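> Sharing run_36.txt below, compact mmCIF, C-alpha atoms:
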```txt
# COMPACT_ATOMS: atom_id res chain seq x y z
CA MET A 1 -37.44 17.82 -63.24
CA SER A 2 -35.84 18.58 -59.90
CA THR A 3 -32.68 16.89 -58.72
CA GLU A 4 -31.92 16.50 -55.04
CA THR A 5 -28.71 15.22 -53.48
CA ALA A 6 -27.99 13.26 -50.31
CA ASP A 7 -25.31 11.10 -48.78
CA VAL A 8 -27.80 8.25 -48.32
CA VAL A 9 -31.22 7.50 -49.77
CA ILE A 10 -33.36 4.93 -47.97
CA VAL A 11 -36.06 3.38 -50.12
CA GLY A 12 -38.87 2.32 -47.80
CA GLY A 13 -40.21 4.10 -44.74
CA GLY A 14 -41.26 1.00 -42.83
CA LEU A 15 -39.76 -0.18 -39.57
CA GLU A 16 -36.34 -1.20 -40.88
CA GLY A 17 -35.85 1.81 -43.15
CA SER A 18 -36.86 4.21 -40.39
CA SER A 19 -34.59 2.43 -37.90
CA ALA A 20 -31.68 2.71 -40.35
CA ALA A 21 -32.27 6.43 -40.77
CA TYR A 22 -32.34 6.93 -37.03
CA ALA A 23 -29.17 4.87 -36.52
CA LEU A 24 -27.36 6.83 -39.22
CA SER A 25 -28.40 10.08 -37.58
CA GLN A 26 -26.94 8.88 -34.28
CA LEU A 27 -23.60 8.41 -36.05
CA GLY A 28 -23.79 11.98 -37.33
CA ILE A 29 -24.91 11.00 -40.84
CA THR A 30 -27.91 13.29 -41.32
CA ASP A 31 -27.78 14.10 -45.06
CA VAL A 32 -30.25 11.26 -45.50
CA VAL A 33 -33.58 11.01 -47.30
CA ILE A 34 -36.22 8.38 -46.53
CA VAL A 35 -38.42 7.88 -49.60
CA GLU A 36 -41.69 6.11 -48.90
CA ARG A 37 -44.40 5.31 -51.44
CA GLY A 38 -47.16 5.65 -48.83
CA THR A 39 -46.69 6.91 -45.30
CA VAL A 40 -44.29 5.81 -42.58
CA GLY A 41 -45.15 2.31 -41.40
CA SER A 42 -48.11 1.95 -43.77
CA GLY A 43 -46.96 -1.31 -45.39
CA MET A 44 -46.44 -4.63 -43.65
CA THR A 45 -45.02 -2.87 -40.59
CA ALA A 46 -48.57 -2.06 -39.56
CA LYS A 47 -49.50 -5.78 -39.70
CA SER A 48 -46.82 -7.02 -37.28
CA SER A 49 -47.94 -9.06 -34.28
CA GLY A 50 -45.25 -7.24 -32.30
CA ILE A 51 -43.79 -10.12 -30.28
CA VAL A 52 -40.59 -9.28 -28.40
CA ARG A 53 -38.42 -12.29 -27.54
CA CYS A 54 -34.78 -13.29 -27.75
CA HIS A 55 -35.27 -17.04 -28.12
CA TYR A 56 -33.15 -17.70 -31.21
CA GLY A 57 -30.82 -20.59 -31.91
CA VAL A 58 -28.81 -18.37 -34.26
CA PRO A 59 -26.50 -16.46 -31.89
CA SER A 60 -26.30 -13.32 -34.04
CA LEU A 61 -30.10 -13.04 -34.09
CA ALA A 62 -30.27 -13.63 -30.33
CA ALA A 63 -27.68 -10.87 -29.86
CA MET A 64 -29.67 -8.51 -32.10
CA ALA A 65 -32.85 -9.23 -30.19
CA THR A 66 -31.33 -8.67 -26.76
CA ASP A 67 -29.55 -5.49 -27.88
CA SER A 68 -32.85 -4.17 -29.21
CA LEU A 69 -34.48 -4.47 -25.79
CA ASP A 70 -32.65 -1.39 -24.53
CA THR A 71 -34.46 0.69 -27.15
CA PHE A 72 -37.86 -0.82 -26.38
CA GLU A 73 -37.40 -0.39 -22.63
CA ASN A 74 -36.19 3.21 -22.86
CA ALA A 75 -38.33 4.47 -25.75
CA GLU A 76 -39.99 7.24 -23.75
CA GLU A 77 -36.60 8.68 -22.81
CA ILE A 78 -35.04 8.13 -26.27
CA PHE A 79 -37.89 9.30 -28.49
CA GLY A 80 -40.20 11.14 -26.12
CA ALA A 81 -42.97 8.85 -27.36
CA ASP A 82 -44.82 5.71 -26.36
CA ILE A 83 -44.11 2.85 -28.80
CA GLY A 84 -46.64 0.51 -27.25
CA PHE A 85 -44.06 -1.74 -25.58
CA ARG A 86 -45.52 -3.83 -22.79
CA GLN A 87 -42.89 -5.80 -20.86
CA ILE A 88 -45.09 -8.65 -19.69
CA GLY A 89 -42.52 -11.45 -20.10
CA TYR A 90 -42.18 -14.27 -22.59
CA VAL A 91 -42.56 -18.03 -22.06
CA VAL A 92 -41.56 -20.72 -24.54
CA GLY A 93 -42.29 -24.41 -24.11
CA VAL A 94 -41.15 -27.53 -25.97
CA GLY A 95 -42.02 -31.22 -26.02
CA SER A 96 -39.75 -34.12 -25.08
CA PRO A 97 -38.11 -34.53 -28.57
CA ASN A 98 -36.76 -30.98 -28.31
CA VAL A 99 -35.41 -30.79 -24.78
CA GLU A 100 -31.77 -31.33 -25.76
CA PRO A 101 -31.65 -28.69 -28.54
CA PHE A 102 -33.73 -26.39 -26.35
CA ARG A 103 -31.17 -26.44 -23.54
CA ALA A 104 -28.27 -26.06 -25.96
CA SER A 105 -30.04 -23.07 -27.50
CA LEU A 106 -30.60 -21.48 -24.10
CA ALA A 107 -26.88 -21.78 -23.33
CA ALA A 108 -25.98 -20.15 -26.65
CA GLN A 109 -28.47 -17.35 -26.01
CA GLN A 110 -27.07 -16.71 -22.54
CA ALA A 111 -23.54 -16.58 -24.02
CA VAL A 112 -24.49 -13.51 -26.11
CA GLY A 113 -26.22 -11.74 -23.24
CA VAL A 114 -29.83 -12.93 -23.37
CA LEU A 115 -31.48 -12.88 -19.96
CA THR A 116 -33.31 -16.20 -20.14
CA GLU A 117 -33.68 -19.12 -17.76
CA GLU A 118 -35.20 -22.56 -17.73
CA VAL A 119 -38.23 -22.78 -15.45
CA ASP A 120 -40.45 -25.64 -14.38
CA ALA A 121 -44.11 -26.30 -15.15
CA GLY A 122 -45.16 -24.96 -11.79
CA ALA A 123 -43.70 -21.56 -12.55
CA VAL A 124 -45.47 -21.48 -15.92
CA ALA A 125 -48.74 -22.59 -14.33
CA ASP A 126 -48.49 -19.55 -12.06
CA LEU A 127 -47.98 -17.31 -15.09
CA TRP A 128 -50.65 -18.94 -17.29
CA PRO A 129 -53.09 -20.71 -14.92
CA GLN A 130 -55.56 -21.31 -17.77
CA ALA A 131 -53.11 -23.46 -19.78
CA ASP A 132 -52.91 -27.24 -19.98
CA LEU A 133 -49.16 -27.89 -19.71
CA SER A 134 -49.25 -31.68 -19.61
CA ASP A 135 -47.56 -32.30 -22.97
CA PHE A 136 -44.60 -29.95 -22.43
CA ALA A 137 -41.20 -31.20 -21.26
CA ALA A 138 -39.27 -27.95 -20.75
CA PHE A 139 -39.86 -24.21 -20.54
CA ALA A 140 -37.86 -21.00 -20.58
CA TYR A 141 -38.81 -17.58 -19.33
CA GLU A 142 -37.55 -14.16 -20.44
CA LYS A 143 -38.68 -11.49 -18.02
CA ARG A 144 -37.59 -8.73 -20.45
CA GLY A 145 -39.85 -10.06 -23.21
CA GLY A 146 -43.31 -8.88 -24.18
CA TYR A 147 -44.88 -7.14 -27.15
CA GLY A 148 -45.00 -3.77 -28.81
CA ASP A 149 -46.51 -1.79 -31.66
CA ALA A 150 -44.44 -1.85 -34.84
CA TYR A 151 -46.30 1.06 -36.42
CA MET A 152 -45.72 3.29 -33.40
CA THR A 153 -42.08 2.19 -33.29
CA ALA A 154 -41.54 3.08 -36.95
CA GLN A 155 -43.09 6.50 -36.31
CA ALA A 156 -40.74 7.01 -33.35
CA PHE A 157 -37.66 6.08 -35.39
CA ALA A 158 -38.72 8.35 -38.25
CA GLY A 159 -39.53 11.18 -35.86
CA GLY A 160 -36.17 10.86 -34.13
CA ALA A 161 -34.37 10.82 -37.46
CA ARG A 162 -36.23 13.90 -38.70
CA ALA A 163 -35.43 15.76 -35.48
CA ALA A 164 -31.74 15.10 -36.21
CA GLY A 165 -32.02 16.48 -39.76
CA VAL A 166 -33.03 13.48 -41.88
CA ARG A 167 -35.53 14.33 -44.64
CA LEU A 168 -38.68 12.33 -45.23
CA ARG A 169 -40.58 12.17 -48.51
CA GLN A 170 -43.90 10.35 -48.19
CA GLN A 171 -46.33 9.52 -51.00
CA SER A 172 -43.24 9.34 -53.23
CA PRO A 173 -42.82 5.96 -54.97
CA VAL A 174 -39.33 5.12 -56.23
CA VAL A 175 -39.51 3.66 -59.74
CA ASP A 176 -35.86 3.28 -60.69
CA LEU A 177 -32.33 3.06 -59.40
CA LEU A 178 -29.80 5.34 -61.04
CA VAL A 179 -26.76 3.31 -62.05
CA GLU A 180 -23.46 4.32 -63.61
CA GLY A 181 -21.18 1.45 -64.50
CA ASP A 182 -20.92 -0.87 -61.51
CA ARG A 183 -22.30 1.48 -58.86
CA VAL A 184 -25.62 2.97 -57.86
CA THR A 185 -25.80 6.75 -57.90
CA GLY A 186 -29.31 7.49 -56.69
CA VAL A 187 -33.00 6.93 -57.37
CA ARG A 188 -35.74 8.18 -59.67
CA LEU A 189 -39.21 8.89 -58.31
CA ALA A 190 -42.56 8.42 -60.00
CA ASP A 191 -42.89 12.16 -60.59
CA GLY A 192 -39.67 12.09 -62.62
CA SER A 193 -37.50 13.81 -60.02
CA THR A 194 -34.23 12.24 -58.93
CA ILE A 195 -32.16 12.04 -55.78
CA SER A 196 -28.43 11.54 -56.27
CA ALA A 197 -26.64 9.70 -53.46
CA ASN A 198 -23.45 7.83 -52.66
CA THR A 199 -25.43 5.03 -50.99
CA VAL A 200 -28.91 3.64 -51.56
CA VAL A 201 -30.45 1.43 -48.87
CA VAL A 202 -33.31 -0.74 -50.13
CA ALA A 203 -35.67 -1.62 -47.28
CA THR A 204 -38.77 -2.55 -49.26
CA GLY A 205 -39.85 -5.75 -47.49
CA ALA A 206 -42.35 -7.84 -49.43
CA TRP A 207 -41.87 -5.68 -52.55
CA THR A 208 -38.10 -6.24 -52.76
CA ARG A 209 -37.90 -9.00 -55.33
CA GLY A 210 -39.92 -7.12 -57.93
CA PHE A 211 -38.17 -3.85 -57.21
CA LEU A 212 -34.64 -5.20 -57.73
CA ALA A 213 -35.32 -7.71 -60.52
CA PRO A 214 -34.79 -5.14 -63.34
CA PHE A 215 -31.24 -4.65 -62.12
CA GLY A 216 -30.26 -8.28 -62.49
CA PHE A 217 -30.79 -9.30 -58.88
CA ASP A 218 -32.71 -12.49 -58.21
CA ILE A 219 -33.59 -11.88 -54.58
CA PRO A 220 -34.72 -15.22 -53.08
CA ILE A 221 -37.74 -13.87 -51.24
CA ARG A 222 -41.20 -15.40 -51.24
CA VAL A 223 -44.15 -13.34 -50.07
CA HIS A 224 -46.18 -15.37 -47.57
CA ARG A 225 -49.67 -14.40 -46.45
CA GLU A 226 -50.10 -14.91 -42.71
CA GLU A 227 -53.29 -14.52 -40.67
CA ILE A 228 -53.65 -13.21 -37.13
CA VAL A 229 -56.74 -14.11 -35.10
CA MET A 230 -58.16 -12.05 -32.24
CA VAL A 231 -59.94 -14.03 -29.54
CA ALA A 232 -62.18 -12.75 -26.76
CA PRO A 233 -61.22 -15.09 -23.88
CA GLY A 234 -64.55 -14.82 -22.07
CA ALA A 235 -62.72 -14.41 -18.76
CA ASP A 236 -60.29 -12.08 -17.06
CA LEU A 237 -56.87 -13.62 -17.75
CA GLY A 238 -54.91 -11.43 -15.38
CA PRO A 239 -51.31 -10.38 -16.17
CA VAL A 240 -50.28 -13.24 -18.46
CA PRO A 241 -47.06 -13.21 -20.54
CA VAL A 242 -46.53 -13.94 -24.21
CA PHE A 243 -46.63 -17.74 -24.67
CA SER A 244 -44.81 -19.48 -27.52
CA ASP A 245 -46.10 -23.05 -27.71
CA LEU A 246 -43.72 -25.22 -29.73
CA VAL A 247 -45.76 -28.36 -29.13
CA SER A 248 -49.02 -27.34 -30.79
CA LEU A 249 -47.21 -24.60 -32.78
CA GLN A 250 -49.00 -21.43 -31.79
CA TYR A 251 -48.21 -18.20 -30.03
CA VAL A 252 -50.55 -16.06 -27.98
CA ARG A 253 -50.32 -12.76 -26.25
CA PRO A 254 -52.77 -10.45 -24.51
CA GLU A 255 -54.02 -7.29 -26.14
CA VAL A 256 -54.46 -4.03 -24.25
CA GLY A 257 -58.26 -4.33 -24.49
CA GLY A 258 -58.36 -7.84 -23.00
CA ASP A 259 -58.45 -9.97 -26.15
CA ILE A 260 -55.85 -12.60 -27.02
CA LEU A 261 -53.82 -12.34 -30.21
CA PHE A 262 -53.27 -15.79 -31.76
CA GLY A 263 -50.70 -16.70 -34.39
CA ASN A 264 -50.14 -20.06 -36.04
CA SER A 265 -46.48 -21.15 -35.76
CA ASP A 266 -46.83 -24.09 -38.15
CA LEU A 267 -45.12 -22.60 -41.20
CA GLN A 268 -44.13 -25.77 -43.04
CA GLN A 269 -46.60 -24.83 -45.78
CA ILE A 270 -46.66 -21.20 -46.80
CA GLU A 271 -49.26 -19.37 -48.83
CA ASP A 272 -47.73 -17.31 -51.63
CA ALA A 273 -49.29 -13.88 -52.03
CA ASP A 274 -49.15 -10.63 -53.96
CA PRO A 275 -48.40 -7.88 -51.42
CA ASP A 276 -50.53 -5.48 -53.48
CA GLY A 277 -53.45 -7.86 -53.92
CA TYR A 278 -54.03 -10.26 -51.04
CA SER A 279 -57.12 -10.78 -48.91
CA ASN A 280 -57.07 -9.14 -45.49
CA ARG A 281 -59.95 -11.33 -44.26
CA LEU A 282 -59.68 -14.42 -42.09
CA THR A 283 -60.27 -17.76 -43.77
CA GLU A 284 -62.35 -20.57 -42.32
CA THR A 285 -59.17 -22.66 -42.24
CA ILE A 286 -57.36 -20.36 -39.82
CA ARG A 287 -60.52 -19.90 -37.77
CA ASP A 288 -60.74 -23.67 -37.32
CA ILE A 289 -57.04 -23.91 -36.48
CA ALA A 290 -57.35 -21.17 -33.88
CA VAL A 291 -60.42 -22.73 -32.28
CA ASP A 292 -58.74 -26.13 -32.11
CA LYS A 293 -55.37 -24.98 -30.82
CA ILE A 294 -56.63 -22.46 -28.28
CA GLY A 295 -59.37 -24.82 -27.12
CA THR A 296 -56.86 -27.62 -26.57
CA ARG A 297 -54.16 -25.52 -24.90
CA PHE A 298 -56.53 -23.42 -22.78
CA PRO A 299 -59.44 -25.75 -21.98
CA ASP A 300 -60.66 -23.57 -19.10
CA LEU A 301 -61.55 -20.75 -21.51
CA THR A 302 -64.94 -22.28 -22.25
CA GLU A 303 -66.50 -18.95 -23.23
CA ALA A 304 -63.75 -17.91 -25.67
CA ALA A 305 -64.87 -16.65 -29.08
CA ILE A 306 -63.19 -15.23 -32.16
CA SER A 307 -63.61 -11.47 -32.16
CA GLY A 308 -61.74 -10.51 -35.33
CA GLY A 309 -58.49 -10.77 -37.21
CA TYR A 310 -56.49 -9.69 -40.22
CA ALA A 311 -53.78 -10.83 -42.60
CA GLY A 312 -50.36 -9.51 -43.49
CA CYS A 313 -47.39 -10.74 -45.49
CA TYR A 314 -43.97 -12.03 -44.50
CA ASP A 315 -41.02 -11.54 -46.84
CA VAL A 316 -39.44 -14.99 -46.47
CA THR A 317 -35.95 -16.10 -47.48
CA PRO A 318 -34.98 -19.77 -48.04
CA ASP A 319 -33.41 -20.00 -44.57
CA TRP A 320 -36.09 -17.85 -42.88
CA ASN A 321 -33.51 -15.26 -41.89
CA PRO A 322 -32.94 -11.72 -43.16
CA ILE A 323 -30.62 -10.29 -45.77
CA ILE A 324 -28.78 -7.25 -44.37
CA SER A 325 -25.99 -6.82 -46.82
CA ARG A 326 -23.88 -4.74 -49.11
CA MET A 327 -24.71 -5.82 -52.64
CA PRO A 328 -22.54 -6.53 -55.69
CA LEU A 329 -23.65 -3.17 -57.12
CA ASP A 330 -21.35 -0.72 -55.35
CA GLY A 331 -23.18 1.68 -53.07
CA LEU A 332 -26.27 -0.53 -52.72
CA VAL A 333 -27.29 -1.96 -49.33
CA LEU A 334 -30.20 -4.36 -48.95
CA ALA A 335 -32.27 -5.02 -45.82
CA ALA A 336 -35.12 -7.43 -46.54
CA GLY A 337 -36.39 -10.97 -46.06
CA PHE A 338 -37.10 -10.59 -42.35
CA SER A 339 -39.35 -13.66 -42.31
CA GLY A 340 -41.37 -12.49 -39.31
CA HIS A 341 -38.38 -11.51 -37.14
CA GLY A 342 -38.21 -7.85 -38.11
CA PHE A 343 -39.93 -6.05 -35.22
CA LYS A 344 -38.06 -7.57 -32.32
CA ILE A 345 -34.62 -6.98 -33.88
CA SER A 346 -35.38 -3.66 -35.61
CA PRO A 347 -33.23 -1.36 -33.46
CA ALA A 348 -30.21 -3.60 -34.01
CA VAL A 349 -31.03 -3.92 -37.71
CA GLY A 350 -30.85 -0.15 -38.06
CA ARG A 351 -27.45 -0.10 -36.36
CA LEU A 352 -26.13 -2.89 -38.60
CA ILE A 353 -27.31 -1.07 -41.71
CA ALA A 354 -25.61 2.09 -40.47
CA ASP A 355 -22.41 0.14 -39.87
CA LEU A 356 -22.52 -1.25 -43.40
CA VAL A 357 -23.02 2.22 -44.83
CA VAL A 358 -20.26 3.88 -42.79
CA GLU A 359 -17.73 1.10 -42.12
CA GLY A 360 -18.66 -1.63 -44.58
CA ARG A 361 -18.85 -4.12 -41.72
CA SER A 362 -20.49 -4.71 -38.35
CA ARG A 363 -18.84 -3.12 -35.35
CA ASP A 364 -20.30 -5.79 -33.04
CA PRO A 365 -18.38 -9.09 -33.13
CA ARG A 366 -21.48 -10.96 -31.89
CA ILE A 367 -23.35 -9.80 -35.01
CA PRO A 368 -21.03 -10.54 -37.94
CA GLU A 369 -22.21 -9.07 -41.23
CA ARG A 370 -21.22 -12.35 -42.90
CA ASP A 371 -24.23 -14.07 -41.31
CA PHE A 372 -26.66 -11.85 -43.21
CA ARG A 373 -24.86 -11.50 -46.54
CA PHE A 374 -26.86 -11.79 -49.75
CA GLU A 375 -24.33 -14.19 -51.29
CA ARG A 376 -24.95 -16.96 -48.77
CA PHE A 377 -27.77 -18.43 -50.85
CA ALA A 378 -25.68 -18.78 -54.01
CA GLU A 379 -22.90 -20.20 -51.85
CA ASN A 380 -25.29 -22.79 -50.37
CA ASP A 381 -24.35 -21.57 -46.90
CA PRO A 382 -27.68 -20.73 -45.25
CA LEU A 383 -27.96 -19.07 -41.85
CA THR A 384 -29.42 -21.82 -39.68
CA THR A 385 -29.41 -22.77 -36.04
CA ALA A 386 -27.08 -25.44 -34.71
CA PHE A 387 -29.97 -26.54 -32.48
CA PRO A 388 -32.97 -27.22 -34.75
CA TYR A 389 -36.30 -28.15 -33.20
CA VAL A 390 -38.10 -31.21 -34.48
CA GLY A 391 -41.36 -30.10 -36.08
CA ALA A 392 -40.72 -26.41 -35.45
CA GLY A 393 -37.92 -25.62 -37.86
CA GLU A 394 -39.03 -22.06 -38.55
CA MET A 395 -38.54 -21.16 -34.88
CA ARG A 396 -35.00 -19.95 -35.47
```
Just give me the structure as structure tokens.


Amino acid sequence: MSTETADVVIVGGGLEGSSAAYALSQLGITDVVIVERGTVGSGMTAKSSGIVRCHYGVPSLAAMATDSLDTFENAEEIFGADIGFRQIGYVVGVGSPNVEPFRASLAAQQAVGVLTEEVDAGAVADLWPQADLSDFAAFAYEKRGGYGDAYMTAQAFAGGARAAGVRLRQQSPVVDLLVEGDRVTGVRLADGSTISANTVVVATGAWTRGFLAPFGFDIPIRVHREEIVMVAPGADLGPVPVFSDLVSLQYVRPEVGGDILFGNSDLQQIEDADPDGYSNRLTETIRDIAVDKIGTRFPDLTEAAISGGYAGCYDVTPDWNPIISRMPLDGLVLAAGFSGHGFKISPAVGRLIADLVVEGRSRDPRIPERDFRFERFAENDPLTTAFPYVGAGEMR
């Protein structure tokens, strides 16, 4: 069987793996191979709802999100391709129990460079005239927010990496890590061929736990099935922004064709799933939730109707934040457990992975690698916000 060599092998050609390859190429590290079992972006990347926002109570995540905006905003110039980014703005609203942590969180976000501001109900009513805002107590607005297309973004990262000399092997499942002593030395593919490398980056999302278990790693990731509902509003909404409703726990954004994309933000109960064997169809439960929440929040949309939907899977860690970390096995870097945050921070994730590969640490003091280390779970030191929201704890 053939043996190939590389400086770095990236297992997984989804959004984060492709971003890492591109970031490495920008540092001059181009002897890189992306190995993908399907095609670029064909896994959970293609199921992302694509929200772009920087509203995080964890400062390092807020910094990653705001740094990533430069890539989204300048994608045409950087990649020569449209990534589907629509900068329509982002609104978040909270109820009275959360006003104090909300304002503290805004201050922390602003301290790491997030362009966000508190606005009043009148300003939000102008942005979303169809919404009933009576039960909100405070709002923030990010004019740089919006939504994008994760699949198109992954393709752009992979295309940029390939143009710089990175190799891409699609339809090539990795079945084994090559290990000598206490370090990883490459990967074995399903066809029996091997790729030797000094560094292996595992960016396998919802498949990570099963992939790394044979090597003694108990990766604390649960796979959670999440449904997205498409709603025909029955009216012309005009240029509305993304709206994150932390009172009724939902988020909505417009689609290019005029529909509304609805997501349920109540994640206190998660539905475990097999990423290779879950239903892609909407359940009656989520249909009822969508009808109730949209009908209550947007009572003027009397002609609204569900037009479709789908399901995807989150790879969820115990603290709902990602692992981006060098591992105890020398030469192994893990990027997984993105818990629904992956799209909006993906450009910065790629840069952090590249830093870990080249320097062993983050070069950005606002984004310390310690925050995302694998060992934090065993150390009982989770990555959590200092400003938790009552009833909306997963909104990090």

> May I have the protein, DNA and RNA residues with an atom at most 12 Å from (-47.5, -25.4, -29.5), counting all atoms listed in the file in the file's coordinates, returned as a VMD selection string?

chain A and resid 91 to 95 131 to 137 139 243 to 252 262 to 266 289 to 290 292 to 294 296 to 298 391 to 392 395

> I'd like the neighbourhood of Asp191 (chain A) as a ChimeraX atom specification, where a residue qualifies if any of its atoms comes within 12 Å (using all atoms listed in the file), though same-chain residues fewer than 3 positions away should be ignored.

/A:1-3,37,171-176,187-188,194-195

> Just the number, please: distance in Å from CA of Ala140 (chain A) to CA of Ala107 (chain A), one decimal.

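Computing the Euclidean distance for CA of Ala140 (chain A) and CA of Ala107 (chain A) yields 11.3 Å.
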
> Determine, counting all atoms listed in the file, which protein, DNA and RNA residues have an atom within 9 Å of an atom of region 45-47 of chain A; residues of the same chain fewer than 2 positions away are not included. Present the result as number ranges by chain.

A: 14-16, 40-43, 49-50, 149-152, 154, 228, 310-313, 342-343

> Could the residues in this selection be written to a file with C-alpha atoms, as a short mmCIF file (atom, residue, chain, number, x, y, z; two decimals), in the coordinates of the input?


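again-v4.cif, freshly written:
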```cif
data_model
loop_
_atom_site.label_atom_id
_atom_site.label_comp_id
_atom_site.auth_asym_id
_atom_site.auth_seq_id
_atom_site.Cartn_x
_atom_site.Cartn_y
_atom_site.Cartn_z
CA GLY A 14 -41.26 1.00 -42.83
CA LEU A 15 -39.76 -0.18 -39.57
CA GLU A 16 -36.34 -1.20 -40.88
CA VAL A 40 -44.29 5.81 -42.58
CA GLY A 41 -45.15 2.31 -41.40
CA SER A 42 -48.11 1.95 -43.77
CA GLY A 43 -46.96 -1.31 -45.39
CA SER A 49 -47.94 -9.06 -34.28
CA GLY A 50 -45.25 -7.24 -32.30
CA ASP A 149 -46.51 -1.79 -31.66
CA ALA A 150 -44.44 -1.85 -34.84
CA TYR A 151 -46.30 1.06 -36.42
CA MET A 152 -45.72 3.29 -33.40
CA ALA A 154 -41.54 3.08 -36.95
CA ILE A 228 -53.65 -13.21 -37.13
CA TYR A 310 -56.49 -9.69 -40.22
CA ALA A 311 -53.78 -10.83 -42.60
CA GLY A 312 -50.36 -9.51 -43.49
CA CYS A 313 -47.39 -10.74 -45.49
CA GLY A 342 -38.21 -7.85 -38.11
CA PHE A 343 -39.93 -6.05 -35.22
#
```

> Write out as an MDAnalysis selection string the residues lying within 12 Å of Ala62 (chain A), counting all atoms listed in the file and excluding same-chain residues fewer than 6 positions away.

chainID A and resid 52:56 68:69 105:116 341 344:345 348 366:367 385 396

> Give me, as a tab-separated table, the closest atom pair and its distance (Å, one decimal) for every residue of region 248-347 of chain A within a cut-off of 8 Å of region 200-206 of chain A, counting only C-alpha atoms, rows sorted by chain and rising number.


```
residue	atom	partner	partner_atom	distance
A:Pro275	CA	A:Ala206	CA	6.4
A:Cys313	CA	A:Ala206	CA	7.0
A:Tyr314	CA	A:Ala206	CA	6.7
A:Asp315	CA	A:Ala206	CA	4.7
A:Gly331	CA	A:Val200	CA	6.2
A:Leu332	CA	A:Val200	CA	5.1
A:Val333	CA	A:Val201	CA	4.7
A:Leu334	CA	A:Val202	CA	4.9
A:Ala335	CA	A:Ala203	CA	5.0
A:Ala336	CA	A:Gly205	CA	5.1
A:Gly337	CA	A:Gly205	CA	6.4
A:Phe338	CA	A:Gly205	CA	7.6
```

> Quick one: 8 Å padding each side, axis-aligned, all listed atoms of region 221-225 of chain A - centre and edge lengths in Å to one decimal, as lines of an AutoDock Vina configuration file?


```
center_x = -43.7
center_y = -14.4
center_z = -48.8
size_x = 27.9
size_y = 18.1
size_z = 20.8
```

> Choose the residue, out of A:Glu36, A:Thr199, A:Leu329, A:Gly13, that has the smallest atom-to-atom separation from Leu212 (chain A); count all atoms listed in the file.

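The closest residue to Leu212 (chain A) is A:Leu329.
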
> Leaving out Ser25 (chain A) and any residue of its chain fewer than 2 positions from it, which residues lie within 8 Å of it when counting only C-alpha atoms, given as a list in words?

Ala21, Tyr22, Ala23, Leu27, Gly28, Ile29, Thr30, Ala161, Ala164, Gly165 and Val166 of chain A

> Find the residues around Gly309 (chain A) up to 9 Å (all atoms listed in the file counted), leave out those fewer than 5 positions away in its own chain, and share them as a PDB file with C-alpha atoms, in the frame of the given file.


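Wrote it out as out.pdb, contents follow:
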```pdb
ATOM      1  CA  GLU A 227     -53.290 -14.520 -40.670  1.00  0.00           C
ATOM      2  CA  ILE A 228     -53.650 -13.210 -37.130  1.00  0.00           C
ATOM      3  CA  VAL A 229     -56.740 -14.110 -35.100  1.00  0.00           C
ATOM      4  CA  MET A 230     -58.160 -12.050 -32.240  1.00  0.00           C
ATOM      5  CA  VAL A 231     -59.940 -14.030 -29.540  1.00  0.00           C
ATOM      6  CA  LEU A 261     -53.820 -12.340 -30.210  1.00  0.00           C
ATOM      7  CA  ASN A 280     -57.070  -9.140 -45.490  1.00  0.00           C
ATOM      8  CA  ARG A 281     -59.950 -11.330 -44.260  1.00  0.00           C
ATOM      9  CA  LEU A 282     -59.680 -14.420 -42.090  1.00  0.00           C
TER      10      LEU A 282
END
```

> For Arg351 (chain A), which residue among A:Phe102, A:Phe79, A:Phe157, A:Tyr90 is the nearest when counting all atoms listed in the file?

A:Phe157

> Measuring atom to atom with all atoms listed in the file, identify which of A:His224, A:Arg253, A:Arg370, A:Arg376 is nearest to Met44 (chain A).

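Result for the nearest residue to Met44 (chain A): A:His224.
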
> Rounded to one decimal, what separation in Å do you get between CA of Ile306 (chain A) and CA of Ala125 (chain A)?

24.1 Å

> Could you please fill out region 281-288 of chain A with N, CA and C atoms and send it back as a PDB file, keeping the file's coordinate frame?


```
ATOM      1  N   ARG A 281     -58.922 -10.685 -45.080  1.00  0.00           N
ATOM      2  CA  ARG A 281     -59.950 -11.330 -44.260  1.00  0.00           C
ATOM      3  C   ARG A 281     -59.488 -12.701 -43.783  1.00  0.00           C
ATOM      4  N   LEU A 282     -59.975 -13.093 -42.607  1.00  0.00           N
ATOM      5  CA  LEU A 282     -59.680 -14.420 -42.090  1.00  0.00           C
ATOM      6  C   LEU A 282     -60.354 -15.489 -42.932  1.00  0.00           C
ATOM      7  N   THR A 283     -59.675 -16.614 -43.094  1.00  0.00           N
ATOM      8  CA  THR A 283     -60.270 -17.760 -43.770  1.00  0.00           C
ATOM      9  C   THR A 283     -60.879 -18.708 -42.744  1.00  0.00           C
ATOM     10  N   GLU A 284     -61.783 -19.560 -43.215  1.00  0.00           N
ATOM     11  CA  GLU A 284     -62.350 -20.570 -42.320  1.00  0.00           C
ATOM     12  C   GLU A 284     -61.262 -21.511 -41.812  1.00  0.00           C
ATOM     13  N   THR A 285     -60.258 -21.758 -42.645  1.00  0.00           N
ATOM     14  CA  THR A 285     -59.170 -22.660 -42.240  1.00  0.00           C
ATOM     15  C   THR A 285     -58.470 -22.151 -40.986  1.00  0.00           C
ATOM     16  N   ILE A 286     -58.083 -20.878 -40.984  1.00  0.00           N
ATOM     17  CA  ILE A 286     -57.360 -20.360 -39.820  1.00  0.00           C
ATOM     18  C   ILE A 286     -58.298 -20.218 -38.620  1.00  0.00           C
ATOM     19  N   ARG A 287     -59.559 -19.937 -38.872  1.00  0.00           N
ATOM     20  CA  ARG A 287     -60.520 -19.900 -37.770  1.00  0.00           C
ATOM     21  C   ARG A 287     -60.592 -21.266 -37.077  1.00  0.00           C
ATOM     22  N   ASP A 288     -60.666 -22.314 -37.887  1.00  0.00           N
ATOM     23  CA  ASP A 288     -60.740 -23.670 -37.320  1.00  0.00           C
ATOM     24  C   ASP A 288     -59.466 -24.018 -36.576  1.00  0.00           C
TER      25      ASP A 288
END
```
